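**Q** Sharing my_file-v7.csv below, CSV, C-alpha atoms and all ligand atoms:
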chain,number,residue,atom,x,y,z
A,1,MET,CA,105.7,121.9,121.1
A,2,SER,CA,107.2,118.8,122.8
A,3,GLU,CA,111.0,118.4,122.7
A,4,ILE,CA,112.4,116.5,119.7
A,5,ALA,CA,115.5,114.4,119.7
A,6,GLY,CA,117.6,112.2,117.3
A,7,PRO,CA,118.3,112.9,113.6
A,8,ALA,CA,115.5,115.6,113.3
A,9,ALA,CA,116.8,117.5,116.4
A,10,ALA,CA,120.4,117.3,115.1
A,11,ALA,CA,119.3,118.7,111.7
A,12,LEU,CA,117.3,121.5,113.3
A,13,SER,CA,120.0,122.6,115.7
A,14,SER,CA,122.4,122.9,112.7
A,15,LEU,CA,120.2,125.5,111.0
A,16,CYS,CA,120.7,129.2,111.3
A,17,PRO,CA,117.7,131.1,112.9
A,18,ASP,CA,116.8,132.5,109.5
A,19,ASP,CA,116.4,129.0,108.0
A,20,VAL,CA,114.2,128.0,111.0
A,21,ILE,CA,112.0,131.0,110.4
A,22,PHE,CA,111.8,130.1,106.7
A,23,LEU,CA,110.7,126.5,107.5
A,24,GLN,CA,108.2,127.6,110.1
A,25,SER,CA,106.6,130.0,107.7
A,26,LEU,CA,106.1,127.4,104.9
A,27,PRO,CA,102.6,126.1,104.7
A,28,LYS,CA,103.0,122.3,105.2
A,29,ALA,CA,100.7,119.3,105.0
A,30,GLU,CA,101.1,116.5,107.5
A,31,LEU,CA,99.6,113.6,105.7
A,32,HIS,CA,101.1,110.5,107.4
A,33,ALA,CA,100.6,110.7,111.2
A,34,HIS,CA,99.2,107.8,113.2
A,35,LEU,CA,97.0,109.0,116.2
A,36,ASN,CA,98.4,106.5,118.7
A,37,GLY,CA,101.9,107.0,117.5
A,38,SER,CA,101.7,110.8,117.8
A,39,ILE,CA,100.5,111.2,121.4
A,40,PRO,CA,102.6,113.9,123.2
A,41,ILE,CA,104.8,112.4,125.9
A,42,LYS,CA,103.2,114.5,128.5
A,43,THR,CA,99.8,113.1,127.7
A,44,ILE,CA,100.9,109.5,127.6
A,45,LEU,CA,102.6,109.9,131.0
A,46,GLU,CA,99.4,111.4,132.5
A,47,LEU,CA,97.4,108.4,131.1
A,48,ALA,CA,100.0,106.0,132.6
A,49,GLN,CA,99.7,107.6,136.0
A,50,GLN,CA,95.9,107.0,135.9
A,51,TYR,CA,96.3,103.4,134.6
A,52,SER,CA,94.8,100.8,136.9
A,53,PRO,CA,97.5,98.4,138.1
A,54,SER,CA,95.0,95.5,138.2
A,55,SER,CA,95.7,94.8,134.5
A,56,ALA,CA,97.9,92.0,133.3
A,57,GLN,CA,99.6,94.5,131.0
A,58,THR,CA,100.9,96.6,133.9
A,59,THR,CA,104.6,95.5,133.4
A,60,GLU,CA,104.4,95.9,129.7
A,61,VAL,CA,103.0,99.4,130.1
A,62,ALA,CA,105.7,100.4,132.6
A,63,ASP,CA,108.4,99.0,130.4
A,64,THR,CA,107.1,100.9,127.3
A,65,ILE,CA,106.7,104.1,129.3
A,66,GLU,CA,110.4,103.8,130.4
A,67,LYS,CA,111.5,103.3,126.8
A,68,LEU,CA,109.4,106.3,125.6
A,69,LYS,CA,110.9,108.5,128.4
A,70,SER,CA,114.5,107.5,127.8
A,71,GLY,CA,114.3,107.3,124.0
A,72,VAL,CA,113.2,104.3,122.0
A,73,ILE,CA,116.0,102.3,120.4
A,74,LEU,CA,114.9,99.9,117.7
A,75,THR,CA,117.0,97.1,116.3
A,76,GLU,CA,114.7,96.5,113.3
A,77,ILE,CA,111.3,97.9,112.1
A,78,PHE,CA,109.3,95.0,113.6
A,79,ASP,CA,110.4,96.1,117.2
A,80,PHE,CA,108.3,99.2,116.6
A,81,PHE,CA,105.1,97.2,116.7
A,82,SER,CA,105.8,95.8,120.1
A,83,LEU,CA,105.4,99.3,121.6
A,84,MET,CA,101.8,99.5,120.5
A,85,PRO,CA,100.0,97.1,122.9
A,86,ALA,CA,101.1,99.2,125.9
A,87,ILE,CA,100.0,102.4,124.2
A,88,TYR,CA,96.7,100.8,123.2
A,89,ALA,CA,96.2,99.7,126.8
A,90,LEU,CA,96.4,103.3,127.9
A,91,THR,CA,94.0,104.5,125.2
A,92,SER,CA,91.4,101.8,125.4
A,93,THR,CA,88.5,103.9,126.8
A,94,LEU,CA,86.4,106.4,124.9
A,95,GLU,CA,87.5,109.1,127.4
A,96,ALA,CA,91.2,108.3,126.8
A,97,VAL,CA,90.7,108.4,123.0
A,98,VAL,CA,89.1,111.8,123.3
A,99,THR,CA,92.0,113.0,125.5
A,100,VAL,CA,94.7,111.8,123.1
A,101,THR,CA,92.8,113.0,120.0
A,102,ARG,CA,92.6,116.5,121.5
A,103,ALA,CA,96.2,116.4,122.6
A,104,VAL,CA,97.5,115.2,119.2
A,105,LEU,CA,95.4,117.8,117.3
A,106,GLN,CA,96.6,120.5,119.6
A,107,SER,CA,100.3,119.4,119.3
A,108,PHE,CA,100.1,119.8,115.5
A,109,LEU,CA,97.7,122.7,115.1
A,110,ASN,CA,98.0,124.8,118.3
A,111,PRO,CA,101.2,123.7,120.1
A,112,THR,CA,101.0,126.1,123.1
A,113,GLY,CA,97.2,125.8,123.4
A,114,ASP,CA,96.7,129.5,123.3
A,115,GLY,CA,97.6,130.3,119.7
A,116,THR,CA,100.8,132.0,120.5
A,117,GLU,CA,103.0,129.5,118.7
A,118,SER,CA,102.4,128.9,115.0
A,119,PRO,CA,100.9,125.5,114.0
A,120,GLN,CA,103.4,122.7,113.0
A,121,CYS,CA,101.4,122.3,109.8
A,122,ALA,CA,98.7,124.1,107.8
A,123,TYR,CA,96.7,120.9,107.2
A,124,LEU,CA,96.7,117.6,109.0
A,125,GLU,CA,95.3,114.2,108.0
A,126,LEU,CA,95.4,112.1,111.1
A,127,ARG,CA,95.0,108.4,110.7
A,128,THR,CA,93.9,105.8,113.2
A,129,THR,CA,92.7,102.2,113.2
A,130,PRO,CA,89.2,101.8,114.6
A,131,ARG,CA,89.1,99.6,117.7
A,132,THR,CA,86.0,98.0,119.1
A,133,THR,CA,86.2,100.0,122.3
A,134,THR,CA,86.7,103.4,120.8
A,135,HIS,CA,85.0,106.2,118.8
A,136,MET,CA,86.5,109.3,117.4
A,137,THR,CA,86.0,112.6,119.1
A,138,ARG,CA,83.4,115.0,117.8
A,139,GLU,CA,85.9,117.8,118.3
A,140,ARG,CA,85.0,120.7,116.0
A,141,THR,CA,87.7,123.2,117.1
A,142,TYR,CA,89.7,122.8,113.9
A,143,PRO,CA,88.0,123.7,110.6
A,144,ALA,CA,87.7,121.2,107.7
A,145,THR,CA,90.5,123.0,105.9
A,146,GLN,CA,92.9,122.2,108.7
A,147,ALA,CA,92.2,118.7,109.9
A,148,ALA,CA,90.7,115.5,108.7
A,149,LEU,CA,90.6,111.8,109.5
A,150,ILE,CA,92.0,108.8,107.6
A,151,VAL,CA,90.6,105.4,108.7
A,152,SER,CA,93.5,102.9,109.0
A,153,ILE,CA,92.9,99.2,108.2
A,154,ASP,CA,95.4,97.0,110.0
A,155,ARG,CA,97.0,94.2,107.9
A,156,ARG,CA,96.2,91.8,110.7
A,157,MET,CA,92.4,92.4,110.4
A,158,SER,CA,90.0,89.6,109.3
A,159,ASP,CA,88.1,90.1,106.1
A,160,LEU,CA,85.0,90.8,108.2
A,161,ASP,CA,86.8,93.5,110.2
A,162,VAL,CA,88.1,95.2,107.0
A,163,GLU,CA,84.7,95.1,105.5
A,164,GLU,CA,83.2,96.7,108.7
A,165,CYS,CA,85.8,99.4,108.9
A,166,ILE,CA,85.5,100.4,105.3
A,167,SER,CA,81.7,100.5,105.6
A,168,LEU,CA,82.0,102.6,108.7
A,169,ALA,CA,84.3,105.0,106.9
A,170,ILE,CA,82.0,105.3,103.8
A,171,GLU,CA,79.0,105.8,106.1
A,172,MET,CA,80.7,108.5,108.1
A,173,LYS,CA,81.8,110.3,104.9
A,174,ASN,CA,78.2,110.1,103.6
A,175,ARG,CA,77.0,111.5,106.8
A,176,GLY,CA,79.2,114.5,106.3
A,177,ARG,CA,81.8,113.6,108.9
A,178,ARG,CA,85.4,114.5,108.1
A,179,VAL,CA,86.6,111.1,106.9
A,180,VAL,CA,88.7,111.7,103.8
A,181,GLY,CA,90.5,108.4,103.2
A,182,ILE,CA,91.6,104.9,103.9
A,183,ASP,CA,95.0,103.7,104.9
A,184,VAL,CA,96.5,100.2,105.1
A,185,CYS,CA,99.1,99.9,108.0
A,186,GLY,CA,100.3,97.5,110.6
A,187,ASP,CA,103.0,94.9,110.8
A,188,PRO,CA,104.3,94.5,107.3
A,189,ARG,CA,104.8,90.7,107.8
A,190,SER,CA,101.1,90.0,108.3
A,191,GLY,CA,98.0,89.8,106.0
A,192,ASP,CA,97.3,88.7,102.5
A,193,MET,CA,96.8,92.0,100.5
A,194,ARG,CA,95.1,90.2,97.7
A,195,SER,CA,92.1,89.7,99.9
A,196,PHE,CA,92.0,93.5,100.8
A,197,THR,CA,91.8,94.8,97.3
A,198,ARG,CA,88.0,94.4,96.8
A,199,HIS,CA,87.4,96.4,100.0
A,200,LEU,CA,89.9,99.1,99.1
A,201,LEU,CA,88.3,99.5,95.6
A,202,ARG,CA,84.9,99.9,97.3
A,203,ALA,CA,86.3,102.7,99.4
A,204,LYS,CA,87.8,104.4,96.3
A,205,ASP,CA,84.5,104.0,94.4
A,206,ALA,CA,82.8,105.8,97.4
A,207,GLY,CA,85.1,108.8,96.9
A,208,LEU,CA,87.5,108.1,99.7
A,209,GLY,CA,91.2,108.8,99.1
A,210,LEU,CA,93.5,105.7,99.3
A,211,THR,CA,97.0,105.5,100.9
A,212,VAL,CA,98.8,102.3,101.7
A,213,HIS,CA,102.0,101.4,103.6
A,214,ILE,CA,103.9,99.5,100.9
A,215,ALA,CA,107.3,97.8,100.6
A,216,GLU,CA,108.2,99.0,104.0
A,217,SER,CA,110.5,96.1,104.8
A,218,THR,CA,112.5,93.5,102.9
A,219,ARG,CA,109.9,90.9,104.0
A,220,ASN,CA,107.2,92.6,101.8
A,221,THR,CA,107.0,90.5,98.6
A,222,THR,CA,106.5,91.8,95.0
A,223,GLU,CA,103.1,90.1,95.1
A,224,ASP,CA,102.2,92.0,98.2
A,225,SER,CA,103.1,95.3,96.5
A,226,LEU,CA,101.4,94.4,93.3
A,227,ALA,CA,98.1,93.6,95.1
A,228,LEU,CA,98.2,97.0,96.7
A,229,LEU,CA,99.3,98.9,93.5
A,230,SER,CA,96.5,97.2,91.6
A,231,CYS,CA,94.1,99.5,93.5
A,232,ARG,CA,96.1,102.5,92.3
A,233,PRO,CA,96.4,104.2,95.7
A,234,ASP,CA,96.6,108.0,95.6
A,235,ARG,CA,99.5,108.0,98.0
A,236,LEU,CA,102.1,105.4,99.1
A,237,GLY,CA,103.5,105.2,102.6
A,238,HIS,CA,107.3,104.6,102.9
A,239,ALA,CA,107.8,102.5,99.7
A,240,THR,CA,111.3,101.9,100.9
A,241,PHE,CA,111.9,98.6,99.1
A,242,LEU,CA,109.8,99.1,96.0
A,243,SER,CA,111.8,97.3,93.3
A,244,ASP,CA,113.2,99.1,90.3
A,245,GLU,CA,111.0,96.9,88.2
A,246,LEU,CA,107.8,98.0,89.9
A,247,LYS,CA,108.9,101.7,89.9
A,248,ALA,CA,109.6,101.4,86.2
A,249,LEU,CA,106.3,99.7,85.6
A,250,PHE,CA,104.1,102.0,87.6
A,251,PHE,CA,105.7,105.4,87.6
A,252,ALA,CA,105.5,106.8,84.1
A,253,ASP,CA,108.6,108.8,83.3
A,254,ILE,CA,111.1,107.0,85.6
A,255,PRO,CA,113.5,105.3,83.2
A,256,GLN,CA,112.9,101.7,82.8
A,257,PRO,CA,115.7,99.4,83.7
A,258,GLY,CA,116.6,96.4,81.5
A,259,THR,CA,114.0,94.1,83.2
A,260,GLU,CA,111.2,92.6,81.1
A,261,CYS,CA,107.9,93.4,82.7
A,262,SER,CA,105.4,94.0,79.9
A,263,SER,CA,103.2,91.1,80.9
A,264,LEU,CA,102.7,92.5,84.4
A,265,SER,CA,102.0,95.9,82.8
A,266,GLU,CA,99.3,94.4,80.6
A,267,CYS,CA,98.0,92.5,83.5
A,268,PHE,CA,97.4,95.5,85.6
A,269,LYS,CA,96.7,97.9,82.7
A,270,ILE,CA,98.8,100.6,84.3
A,271,SER,CA,98.3,104.1,82.9
A,272,LYS,CA,101.6,105.9,82.1
A,273,ARG,CA,100.3,108.9,84.1
A,274,TYR,CA,100.0,107.1,87.4
A,275,LYS,CA,102.1,109.1,89.9
A,276,PRO,CA,101.1,108.4,93.5
A,277,CYS,CA,102.5,110.8,96.0
A,278,MET,CA,105.2,109.2,98.2
A,279,GLU,CA,104.7,109.8,102.0
A,280,ILE,CA,108.3,110.2,103.2
A,281,CYS,CA,109.1,109.7,106.9
A,282,LEU,CA,112.8,110.3,107.3
A,283,SER,CA,113.3,109.9,111.1
A,284,SER,CA,111.0,106.9,111.1
A,285,ASN,CA,113.0,105.1,108.4
A,286,LEU,CA,116.4,106.0,110.0
A,287,LEU,CA,115.3,104.9,113.5
A,288,CYS,CA,113.6,101.7,112.3
A,289,LYS,CA,116.8,101.0,110.4
A,290,THR,CA,115.1,100.4,107.1
A,291,VAL,CA,117.4,103.1,105.7
A,292,VAL,CA,121.1,103.3,106.7
A,293,SER,CA,121.6,107.0,106.1
A,294,LEU,CA,120.0,110.1,104.6
A,295,ASP,CA,122.4,109.7,101.7
A,296,ALA,CA,121.0,106.3,100.9
A,297,HIS,CA,117.3,107.3,101.4
A,298,HIS,CA,114.9,106.7,98.6
A,299,ILE,CA,113.8,110.3,98.8
A,300,ARG,CA,116.8,111.1,96.6
A,301,TYR,CA,115.4,108.8,93.9
A,302,TYR,CA,112.0,110.5,93.9
A,303,LEU,CA,113.5,114.0,93.9
A,304,LYS,CA,115.7,113.2,91.0
A,305,ASN,CA,112.8,111.8,89.1
A,306,ASP,CA,110.5,114.7,89.9
A,307,HIS,CA,108.0,112.4,91.5
A,308,PRO,CA,105.5,113.9,94.0
A,309,ILE,CA,106.4,113.5,97.7
A,310,VAL,CA,105.2,114.7,101.1
A,311,ILE,CA,107.3,115.0,104.2
A,312,CYS,CA,105.7,113.4,107.3
A,313,THR,CA,106.4,112.5,110.9
A,314,ASP,CA,104.7,109.0,111.1
A,315,ASP,CA,104.9,108.5,114.9
A,316,ALA,CA,106.2,111.5,116.7
A,317,LEU,CA,106.0,109.8,120.1
A,318,PRO,CA,108.6,107.1,119.7
A,319,PHE,CA,110.5,108.9,116.9
A,320,ARG,CA,110.6,112.2,118.9
A,321,THR,CA,110.2,114.4,115.9
A,322,SER,CA,108.0,117.2,114.5
A,323,CYS,CA,107.1,118.6,111.2
A,324,LEU,CA,109.7,121.3,111.6
A,325,GLY,CA,112.3,118.6,112.6
A,326,GLU,CA,111.5,116.6,109.4
A,327,TYR,CA,111.7,119.7,107.2
A,328,SER,CA,115.0,120.6,108.8
A,329,MET,CA,116.4,117.3,107.5
A,330,LEU,CA,115.8,118.6,103.9
A,331,LEU,CA,117.5,121.9,104.5
A,332,ALA,CA,120.4,121.0,106.8
A,333,GLN,CA,123.8,120.3,105.2
A,334,PRO,CA,124.9,116.6,104.8
A,335,PRO,CA,125.3,114.4,106.7
A,336,LEU,CA,122.6,115.9,109.0
A,337,GLY,CA,120.4,116.8,106.1
A,338,LEU,CA,120.0,116.6,102.4
A,339,GLY,CA,121.3,120.1,101.8
A,340,LEU,CA,118.4,121.2,99.5
A,341,SER,CA,117.9,124.8,98.6
A,342,ARG,CA,115.1,126.8,100.1
A,343,ASP,CA,113.3,126.9,96.7
A,344,ASP,CA,113.4,123.1,96.6
A,345,VAL,CA,112.1,122.8,100.2
A,346,ALA,CA,109.3,125.2,99.4
A,347,ARG,CA,108.4,123.2,96.3
A,348,ILE,CA,108.3,120.0,98.3
A,349,ALA,CA,106.0,121.6,100.9
A,350,GLN,CA,103.7,122.7,98.1
A,351,MET,CA,103.7,119.1,96.7
A,352,GLY,CA,102.5,117.9,100.1
A,353,MET,CA,99.7,120.4,100.2
A,354,ASP,CA,98.7,119.3,96.7
A,355,ALA,CA,98.5,115.6,97.8
A,356,ALA,CA,96.0,116.2,100.5
A,357,PHE,CA,92.7,114.2,100.2
A,358,LEU,CA,90.9,117.4,101.0
A,359,ARG,CA,90.9,118.2,97.3
A,360,PRO,CA,88.0,117.1,95.2
A,361,ARG,CA,89.0,113.7,93.7
A,362,ASP,CA,90.3,113.7,90.1
B,1,LIG,P1,96.6,104.0,115.5
B,1,LIG,O1,96.1,103.5,114.1
B,1,LIG,O2,96.3,103.0,116.5
B,1,LIG,O3,96.2,105.3,115.9
B,1,LIG,O4,98.2,104.1,115.3
B,1,LIG,C1,99.1,103.1,115.6
B,1,LIG,C2,99.1,102.0,114.6
B,1,LIG,O5,99.5,102.5,113.4
B,1,LIG,C3,100.1,100.9,114.9
B,1,LIG,O6,99.5,99.9,115.7
B,1,LIG,C4,100.4,100.3,113.6
B,1,LIG,O7,99.5,99.4,113.2
B,1,LIG,C5,100.3,101.5,112.7
B,1,LIG,N1,101.6,102.2,112.4
B,1,LIG,C6,102.2,103.2,113.0
B,1,LIG,N2,103.3,103.5,112.4
B,1,LIG,C7,103.5,102.6,111.4
B,1,LIG,C8,104.5,102.4,110.4
B,1,LIG,O8,105.5,103.1,110.3
B,1,LIG,N3,104.3,101.3,109.6
B,1,LIG,C9,103.2,100.6,109.6
B,1,LIG,N4,103.0,99.6,108.7
B,1,LIG,N5,102.2,100.7,110.5
B,1,LIG,C10,102.4,101.7,111.4
Just dump the structure as structure tokens.
Ligand code: 5GP
**A**
Amino acid sequence: MSEIAGPAAAALSSLCPDDVIFLQSLPKAELHAHLNGSIPIKTILELAQQYSPSSAQTTEVADTIEKLKSGVILTEIFDFFSLMPAIYALTSTLEAVVTVTRAVLQSFLNPTGDGTESPQCAYLELRTTPRTTTHMTRERTYPATQAALIVSIDRRMSDLDVEECISLAIEMKNRGRRVVGIDVCGDPRSGDMRSFTRHLLRAKDAGLGLTVHIAESTRNTTEDSLALLSCRPDRLGHATFLSDELKALFFADIPQPGTECSSLSECFKISKRYKPCMEICLSSNLLCKTVVSLDAHHIRYYLKNDHPIVICTDDALPFRTSCLGEYSMLLAQPPLGLGLSRDDVARIAQMGMDAAFLRPRD
């Protein structure tokens, strides 16, 4: 497994060996990992070495590689997205996509390549945004119970592109390929989510799971969140800045604050039983500075309210983390971790397994 650093590494190194063995032995589901954000550093360096210097992007690639090698420092979440063009430049051929897909699957499911180290997780839903130059690998090494694909829709996509990607996902699913869901991701400042909803609902109707990045930054408006919530996604990514009003409106038994919101409630005909699983990415939120400390993290709110969550890595390449690292942050004592009990951590791991799209849809 590649080296981890930052808050996850600090939490992991504070644990006693017995705790590490406990975390390693827990069956975990990794449900929020972006393919191009999860490439092992070794693989991206190899691709960079083979990269043709004729491209106009050469300097950008070199700069990004330097940042990845020395440790990415972000001032705000939007800086994260400026890393992607260089990574995309290195993964723009079918051959490179096959290479990185194999490497990412291996890093999660067979870290040493020879089965001698236990997998990071028992089940992996890897997500990626289809690009015009790429196709997914036909890799069959990992059984359907262990790995599946989520097709990501980028908020910057045109209506036509969204339509095409959703149709592709539905068609692949119908052909028996391992596509289990749709995600909405990309720069939180872009796109009008109201125009996405009819496409997302079509995907749901076709039996695909739905997860959306939501309220990830202070720039995401209530209208933006409402448009996405109106599709009743099965899971929500980050949801860092979801307002108390929306939480009260959408999530059944979370106590309602004093705000008047019955008209919205009627408008969206929200069932009291709607409890989407929250995809929690602790290192990502800390390093993107959308959350100031673990103590202030919204995971506490969801734990307190017994709301389903799943612990995920998001983008292991820039955030230099792993499944074990993220789970260490649950078990480690404050301020490095949340100081949860083993029983609680085991319960959270089970919640993650239960939230996989692999299950027959309710
Ligand atoms: P890909 O889909 O190309 O395999 O993975 C990289 C892409 O995922 C990025 O270009 C970005 O659109 C999306 N992504 C990765 N991490 C995040 C995140 O934390 N938030 C959002 N909104 N999008 C992300």
**Q** For ligand LIG 1 (chain B), collect every residue having any atom at a distance of at most 10 Å from a ligand atom (counting all atoms listed in the file); output as a PyMOL selection string.
**A** chain A and resi 32-39+77-78+80-85+87-88+91+97+100-101+126-131+150-156+183-190+212-217+237-238+281+284-285+288+313-316+318
**Q** Find, counting all atoms listed in the file, the residue in A:Cys121, A:Cys231, A:Val180, A:Ile348 that gets nearest to Ser25 (chain A).
**A** A:Cys121
**Q** When you draw a straight line from CA of Leu282 (chain A) to CA of Leu246 (chain A), how long is it in Å?
**A** 21.9 Å
**Q** Would you mind telling me which residue in A:Lys69, A:Arg178, A:Arg342, A:Arg202 lies nearest to Glu164 (chain A) when using all atoms listed in the file?
**A**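 Counting all atoms listed in the file, the residue closest to Glu164 (chain A) is A:Arg202.
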**Q** Tell me, as a list in words, which residues lie within 12 Å of Leu160 (chain A), counting only C-alpha atoms; anything in the same chain fewer than 6 positions away does not count.
**A**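 The residues that qualify are Ile153, Ile166, Ser167, Ser195, Phe196 and His199 of chain A.
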**Q** Restricting the calculation to only C-alpha atoms: of A:Pro233, A:Gly191, A:Pro143, A:Gly181, which residue gets closest to Leu208 (chain A)?
**A**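 Using only C-alpha atoms, the shortest distance to Leu208 (chain A) belongs to A:Gly181.
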**Q** What does the structure give for the distance between CA of Gly176 (chain A) and CA of Glu125 (chain A), in Å to one decimal?
**A**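 These atoms are spaced 16.2 Å apart.
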**Q** So what do you get for CA of Lys204 (chain A) versus CA of Ala122 (chain A), distance-wise?
**A**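 So the two atoms, CA of Lys204 (chain A) and CA of Ala122 (chain A), lie 25.3 Å apart.
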**Q** Could you list, as a count of residues only, every residue within 12 Å of Pro334 (chain A), counting all atoms listed in the file and ignoring same-chain residues fewer than 3 positions away?
**A** 17
**Q** Considering all atoms listed in the file, state which residue in the set A:Phe319, A:Gln106, A:Asp224, A:Ala5 is at the smallest distance from Ser118 (chain A).
**A**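 Closest to Ser118 (chain A) of all the choices is A:Gln106.
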**Q** If we count all atoms listed in the file, what is near Ala86 (chain A) at a cut-off of 9 Å, once residues fewer than 5 positions away on the same chain are taken out, given as a PyMOL selection string?
**A** chain A and resi 57-58+60-65+91
**Q** Between A:Glu76, A:Asp18, A:Glu279, A:Asp354, which one has atoms that come closest to Thr240 (chain A), using only C-alpha atoms?
**A**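 The shortest atom-to-atom distance to Thr240 (chain A) comes from A:Glu279.
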**Q** Which is closest to Pro111 (chain A) among A:Ser92, A:Ser322, A:Gln350, A:Ser225, if we use all atoms listed in the file?
**A**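 When distances to Pro111 (chain A) are compared using all atoms listed in the file, the smallest one comes from A:Ser322.
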**Q** Excluding same-chain residues fewer than 6 positions from Leu23 (chain A), what lies within 10 Å of it counting all atoms listed in the file, as a list in words?
**A**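 Counting all atoms listed in the file, the residues come to Pro17, Gln120, Cys323, Leu324, Gly325, Tyr327, Ser328, Leu331, Arg342, Val345, Ala346 and Ala349 of chain A.
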**Q** Can you pull out the residues contacting Ala356 (chain A)? Cut-off 9 Å, using only C-alpha atoms, and skip same-chain residues under 6 positions away; I want them as a list in words.
**A**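 Once the nearby chain positions are removed, what remains is Ala29, Glu30, Leu31, Tyr123, Leu124, Glu125 and Gly209 of chain A.
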**Q** Will you model N, CA and C atoms for region 341-360 of chain A and pass it back as a PDB file, in the coordinates of the input?
**A**
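Resulting contents of out.pdb:
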ATOM      1  N   SER A 341     118.021 123.330  98.577  1.00  0.00           N
ATOM      2  CA  SER A 341     117.900 124.800  98.600  1.00  0.00           C
ATOM      3  C   SER A 341     116.503 125.145  99.192  1.00  0.00           C
ATOM      4  N   ARG A 342     116.358 126.390  99.619  1.00  0.00           N
ATOM      5  CA  ARG A 342     115.100 126.800 100.100  1.00  0.00           C
ATOM      6  C   ARG A 342     113.979 126.685  99.049  1.00  0.00           C
ATOM      7  N   ASP A 343     114.331 126.988  97.815  1.00  0.00           N
ATOM      8  CA  ASP A 343     113.300 126.900  96.700  1.00  0.00           C
ATOM      9  C   ASP A 343     112.852 125.423  96.616  1.00  0.00           C
ATOM     10  N   ASP A 344     113.790 124.476  96.687  1.00  0.00           N
ATOM     11  CA  ASP A 344     113.400 123.100  96.600  1.00  0.00           C
ATOM     12  C   ASP A 344     112.507 122.666  97.773  1.00  0.00           C
ATOM     13  N   VAL A 345     112.869 123.140  98.963  1.00  0.00           N
ATOM     14  CA  VAL A 345     112.100 122.800 100.200  1.00  0.00           C
ATOM     15  C   VAL A 345     110.667 123.380 100.029  1.00  0.00           C
ATOM     16  N   ALA A 346     110.584 124.600  99.541  1.00  0.00           N
ATOM     17  CA  ALA A 346     109.300 125.200  99.400  1.00  0.00           C
ATOM     18  C   ALA A 346     108.444 124.453  98.333  1.00  0.00           C
ATOM     19  N   ARG A 347     109.100 123.974  97.299  1.00  0.00           N
ATOM     20  CA  ARG A 347     108.400 123.200  96.300  1.00  0.00           C
ATOM     21  C   ARG A 347     107.896 121.871  96.838  1.00  0.00           C
ATOM     22  N   ILE A 348     108.716 121.246  97.695  1.00  0.00           N
ATOM     23  CA  ILE A 348     108.300 120.000  98.300  1.00  0.00           C
ATOM     24  C   ILE A 348     107.098 120.219  99.245  1.00  0.00           C
ATOM     25  N   ALA A 349     107.144 121.313  99.999  1.00  0.00           N
ATOM     26  CA  ALA A 349     106.000 121.600 100.900  1.00  0.00           C
ATOM     27  C   ALA A 349     104.728 121.795 100.082  1.00  0.00           C
ATOM     28  N   GLN A 350     104.847 122.445  98.940  1.00  0.00           N
ATOM     29  CA  GLN A 350     103.700 122.700  98.100  1.00  0.00           C
ATOM     30  C   GLN A 350     103.152 121.319  97.528  1.00  0.00           C
ATOM     31  N   MET A 351     104.102 120.428  97.163  1.00  0.00           N
ATOM     32  CA  MET A 351     103.700 119.100  96.700  1.00  0.00           C
ATOM     33  C   MET A 351     102.848 118.395  97.723  1.00  0.00           C
ATOM     34  N   GLY A 352     103.256 118.534  98.988  1.00  0.00           N
ATOM     35  CA  GLY A 352     102.500 117.900 100.100  1.00  0.00           C
ATOM     36  C   GLY A 352     101.109 118.477 100.187  1.00  0.00           C
ATOM     37  N   MET A 353     101.013 119.797 100.107  1.00  0.00           N
ATOM     38  CA  MET A 353      99.700 120.400 100.200  1.00  0.00           C
ATOM     39  C   MET A 353      98.808 119.918  99.026  1.00  0.00           C
ATOM     40  N   ASP A 354      99.425 119.754  97.863  1.00  0.00           N
ATOM     41  CA  ASP A 354      98.700 119.300  96.700  1.00  0.00           C
ATOM     42  C   ASP A 354      98.197 117.868  96.798  1.00  0.00           C
ATOM     43  N   ALA A 355      98.861 117.078  97.665  1.00  0.00           N
ATOM     44  CA  ALA A 355      98.500 115.600  97.800  1.00  0.00           C
ATOM     45  C   ALA A 355      97.460 115.363  98.819  1.00  0.00           C
ATOM     46  N   ALA A 356      96.963 116.402  99.482  1.00  0.00           N
ATOM     47  CA  ALA A 356      96.000 116.200 100.500  1.00  0.00           C
ATOM     48  C   ALA A 356      94.684 115.591  99.933  1.00  0.00           C
ATOM     49  N   PHE A 357      94.001 114.762 100.706  1.00  0.00           N
ATOM     50  CA  PHE A 357      92.700 114.200 100.200  1.00  0.00           C
ATOM     51  C   PHE A 357      91.600 115.187 100.260  1.00  0.00           C
ATOM     52  N   LEU A 358      91.852 116.294 100.897  1.00  0.00           N
ATOM     53  CA  LEU A 358      90.900 117.400 101.000  1.00  0.00           C
ATOM     54  C   LEU A 358      90.371 117.809  99.612  1.00  0.00           C
ATOM     55  N   ARG A 359      91.289 117.740  98.625  1.00  0.00           N
ATOM     56  CA  ARG A 359      90.900 118.200  97.300  1.00  0.00           C
ATOM     57  C   ARG A 359      89.840 117.334  96.712  1.00  0.00           C
ATOM     58  N   PRO A 360      88.978 117.914  95.847  1.00  0.00           N
ATOM     59  CA  PRO A 360      88.000 117.100  95.200  1.00  0.00           C
ATOM     60  C   PRO A 360      88.771 116.006  94.366  1.00  0.00           C
TER      61      PRO A 360
END
